[in-house]
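Trainee: Below you'll find model_7.pdb; it's PDB, C-alpha atoms.
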```pdb
ATOM      1  CA  GLN A 214     254.365 -68.363 153.647
ATOM      2  CA  VAL A 215     254.499 -71.697 151.863
ATOM      3  CA  GLN A 216     254.084 -74.762 154.041
ATOM      4  CA  LEU A 217     254.211 -78.362 152.862
ATOM      5  CA  VAL A 218     253.395 -81.359 155.053
ATOM      6  CA  GLU A 219     254.031 -84.858 153.733
ATOM      7  CA  SER A 220     252.463 -88.075 155.009
ATOM      8  CA  GLY A 221     251.784 -91.637 153.935
ATOM      9  CA  GLY A 222     255.211 -93.212 154.063
ATOM     10  CA  GLY A 223     255.912 -96.573 155.608
ATOM     11  CA  LEU A 224     257.302-100.066 155.157
ATOM     12  CA  VAL A 225     256.096-102.055 152.161
ATOM     13  CA  GLN A 226     257.183-105.261 150.471
ATOM     14  CA  PRO A 227     258.636-105.229 146.955
ATOM     15  CA  GLY A 228     255.846-105.044 144.419
ATOM     16  CA  GLY A 229     253.583-103.259 146.866
ATOM     17  CA  SER A 230     252.014 -99.806 146.755
ATOM     18  CA  LEU A 231     251.901 -96.635 148.823
ATOM     19  CA  ARG A 232     250.212 -93.285 148.390
ATOM     20  CA  LEU A 233     251.980 -90.212 149.681
ATOM     21  CA  SER A 234     250.123 -87.000 150.439
ATOM     22  CA  CYS A 235     251.362 -83.426 150.556
ATOM     23  CA  ALA A 236     249.130 -80.839 152.221
ATOM     24  CA  ALA A 237     250.083 -77.448 150.790
ATOM     25  CA  SER A 238     249.290 -74.014 152.186
ATOM     26  CA  GLY A 239     250.346 -70.507 151.213
ATOM     27  CA  LEU A 240     250.150 -71.205 147.483
ATOM     28  CA  SER A 241     247.714 -72.064 144.711
ATOM     29  CA  LEU A 242     248.068 -75.440 143.035
ATOM     30  CA  ASP A 243     246.862 -74.052 139.676
ATOM     31  CA  TYR A 244     249.745 -74.581 137.247
ATOM     32  CA  TYR A 245     252.164 -74.368 140.191
ATOM     33  CA  PRO A 246     255.507 -76.114 139.724
ATOM     34  CA  ILE A 247     255.135 -78.530 142.610
ATOM     35  CA  GLY A 248     256.476 -82.044 142.724
ATOM     36  CA  TRP A 249     258.430 -84.653 144.639
ATOM     37  CA  PHE A 250     262.030 -85.555 145.128
ATOM     38  CA  ARG A 251     263.646 -88.306 147.164
ATOM     39  CA  GLN A 252     266.905 -88.818 148.923
ATOM     40  CA  ALA A 253     268.397 -92.094 150.068
ATOM     41  CA  PRO A 254     271.270 -92.328 152.567
ATOM     42  CA  GLY A 255     274.578 -91.650 150.875
ATOM     43  CA  LYS A 256     272.946 -90.770 147.574
ATOM     44  CA  GLU A 257     272.229 -87.524 145.786
ATOM     45  CA  ARG A 258     268.787 -85.986 145.721
ATOM     46  CA  GLU A 259     266.689 -87.349 142.859
ATOM     47  CA  GLY A 260     263.754 -85.509 141.348
ATOM     48  CA  VAL A 261     260.792 -87.852 141.011
ATOM     49  CA  SER A 262     257.939 -85.818 139.549
ATOM     50  CA  CYS A 263     256.849 -82.284 138.743
ATOM     51  CA  PHE A 264     253.772 -80.561 137.354
ATOM     52  CA  SER A 265     254.461 -78.602 134.198
ATOM     53  CA  THR A 266     253.666 -74.878 134.358
ATOM     54  CA  THR A 267     252.868 -74.942 130.631
ATOM     55  CA  ASP A 268     249.975 -77.358 130.553
ATOM     56  CA  GLY A 269     249.727 -78.628 134.120
ATOM     57  CA  SER A 270     250.564 -82.201 133.201
ATOM     58  CA  PRO A 271     252.857 -84.270 135.427
ATOM     59  CA  TYR A 272     256.323 -85.298 134.345
ATOM     60  CA  TYR A 273     258.233 -88.208 135.841
ATOM     61  CA  ALA A 274     261.826 -89.264 136.166
ATOM     62  CA  ASP A 275     262.670 -92.201 133.938
ATOM     63  CA  SER A 276     263.323 -94.356 137.027
ATOM     64  CA  VAL A 277     259.675 -94.147 138.146
ATOM     65  CA  LYS A 278     257.799 -93.628 134.883
ATOM     66  CA  GLY A 279     254.955 -96.091 134.498
ATOM     67  CA  ARG A 280     254.969 -96.930 138.211
ATOM     68  CA  PHE A 281     254.328 -93.597 139.950
ATOM     69  CA  THR A 282     251.394 -91.264 139.359
ATOM     70  CA  MET A 283     251.106 -87.729 140.698
ATOM     71  CA  SER A 284     247.787 -85.971 141.094
ATOM     72  CA  ARG A 285     246.314 -83.003 142.942
ATOM     73  CA  ASP A 286     243.066 -82.178 144.690
ATOM     74  CA  TYR A 287     242.453 -78.443 144.416
ATOM     75  CA  ALA A 288     239.657 -78.454 146.994
ATOM     76  CA  LYS A 289     241.929 -80.040 149.585
ATOM     77  CA  SER A 290     245.057 -78.234 148.362
ATOM     78  CA  THR A 291     246.805 -81.583 148.416
ATOM     79  CA  VAL A 292     249.212 -83.283 146.045
ATOM     80  CA  TYR A 293     249.417 -87.058 145.924
ATOM     81  CA  LEU A 294     252.042 -89.500 144.732
ATOM     82  CA  GLN A 295     250.679 -92.978 144.049
ATOM     83  CA  MET A 296     253.566 -95.425 143.981
ATOM     84  CA  ASN A 297     253.002 -98.899 142.548
ATOM     85  CA  SER A 298     255.291-101.838 141.835
ATOM     86  CA  LEU A 299     257.714-100.557 144.436
ATOM     87  CA  LYS A 300     261.308-101.743 144.367
ATOM     88  CA  PRO A 301     263.978-101.785 147.091
ATOM     89  CA  GLU A 302     265.784 -99.019 145.211
ATOM     90  CA  ASP A 303     262.764 -96.772 145.793
ATOM     91  CA  THR A 304     263.673 -96.687 149.498
ATOM     92  CA  ALA A 305     264.296 -93.067 150.479
ATOM     93  CA  VAL A 306     262.880 -90.071 152.277
ATOM     94  CA  TYR A 307     260.343 -88.463 149.951
ATOM     95  CA  TYR A 308     259.840 -84.711 149.965
ATOM     96  CA  CYS A 309     257.113 -82.588 148.453
ATOM     97  CA  ALA A 310     258.677 -79.455 147.003
ATOM     98  CA  THR A 311     257.947 -76.263 145.091
ATOM     99  CA  ASP A 312     259.562 -74.574 142.100
ATOM    100  CA  CYS A 313     260.661 -77.780 140.434
ATOM    101  CA  LYS A 314     261.978 -77.593 136.881
ATOM    102  CA  ILE A 315     261.630 -80.151 134.115
ATOM    103  CA  TYR A 316     264.502 -80.822 131.722
ATOM    104  CA  VAL A 317     263.894 -83.014 128.680
ATOM    105  CA  VAL A 318     266.865 -84.070 126.580
ATOM    106  CA  GLU A 319     266.226 -86.556 123.794
ATOM    107  CA  TYR A 320     263.114 -87.841 125.607
ATOM    108  CA  ASN A 321     265.012 -88.335 128.884
ATOM    109  CA  VAL A 322     263.374 -86.443 131.728
ATOM    110  CA  THR A 323     265.294 -84.885 134.604
ATOM    111  CA  ILE A 324     263.542 -83.025 137.406
ATOM    112  CA  ALA A 325     265.592 -80.677 139.557
ATOM    113  CA  ASP A 326     266.041 -77.218 141.113
ATOM    114  CA  PHE A 327     263.585 -77.404 143.971
ATOM    115  CA  GLY A 328     262.705 -74.408 146.140
ATOM    116  CA  SER A 329     260.865 -75.035 149.417
ATOM    117  CA  TRP A 330     260.087 -78.485 150.775
ATOM    118  CA  GLY A 331     258.514 -80.182 153.748
ATOM    119  CA  GLN A 332     259.913 -82.426 156.449
ATOM    120  CA  GLY A 333     259.730 -85.545 154.295
ATOM    121  CA  THR A 334     258.246 -88.993 154.790
ATOM    122  CA  GLN A 335     260.218 -92.235 154.909
ATOM    123  CA  VAL A 336     259.468 -94.969 152.382
ATOM    124  CA  THR A 337     261.116 -98.329 152.937
ATOM    125  CA  VAL A 338     260.709-101.152 150.447
ATOM    126  CA  SER A 339     261.922-104.409 151.904
ATOM    127  CA  SER A 340     260.886-108.004 152.377
TER
END
```
Represent the structure from my file as structure tokens, please.
Mentor:
Amino acid sequence: QVQLVESGGGLVQPGGSLRLSCAASGLSLDYYPIGWFRQAPGKEREGVSCFSTTDGSPYYADSVKGRFTMSRDYAKSTVYLQMNSLKPEDTAVYYCATDCKIYVVEYNVTIADFGSWGQGTQVTVSS
């Protein structure tokens, strides 16, 4: 049974940084389609990042590209999301999730179709 537990959220000022963690059990991180999505109140779910099953590299939504970095520690079975240069519009509940899919159309990246996810962790960017 897949279990995902997120942590690391909090309140940060604009321009600040946070690192989210996702402890995963019941699956192997090797080339597994695992990533992050976020959801803000009154807004649709937005895919943030996803590891490619083809080459294992991370893909990012255009809204976070260059600011967010996803990585994984196989020994700890943990996925991380390093978020830098945070903006108020990044405020949302962030979820670690499996079975994400990457869609690339004319160099625009969309991440969607998530399977299982954890309880989420709140990120608030405000002065």
Trainee: Hey, what comes out of the PyMOL selection byres ((chain A and resi 331) around 9) on this file? Could you write it as a PyMOL selection string?
Mentor: chain A and resi 216-219+235+308-310+329-330+332-334
Trainee: For atom CA of A:Ser270 and atom CA of A:Gln214, determine how far apart the two atoms are, in Å to one decimal place.
Mentor: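 Between these atoms lies a distance of 25.0 Å.
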Trainee: Need the shell around stretch 224-228 of chain A: protein/DNA/RNA residues with any atom at most 7 Å away, counting only C-alpha atoms. Skip same-chain ones fewer than 4 positions apart. Format as an MDAnalysis selection string?
Mentor: chainID A and resid 298:301 336:340
Trainee: In Å to one decimal, how far is atom CA of A:Glu259 from atom CA of A:Ala288?
Mentor: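 Atom CA of A:Glu259 lies at a distance of 28.8 Å from atom CA of A:Ala288.
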Trainee: May I ask for the distance between atom CA of A:Cys313 and atom CA of A:Val215, given in Å to one decimal place?
Mentor: 14.3 Å
Trainee: May I ask which of the residues A:Asp326, A:Asp243, A:Glu319, A:Asp303 is the closest one to A:Phe264, counting only C-alpha atoms?
Mentor: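 Under the stated criterion, the closest residue is A:Asp243.
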Trainee: Point out the residue among A:Thr311, A:Thr304, A:Thr266, A:Ser276 with the least atom-to-atom distance to A:Gln252, counting all atoms listed in the file.
Mentor: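 Among A:Thr311, A:Thr304, A:Thr266, A:Ser276, it is A:Thr304 that comes nearest to A:Gln252.
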Trainee: Could you list, as an NGL selection string, every residue within 10 Å of A:Lys289, counting all atoms listed in the file and ignoring same-chain residues fewer than 5 positions away?
Mentor: :A and (236-238)
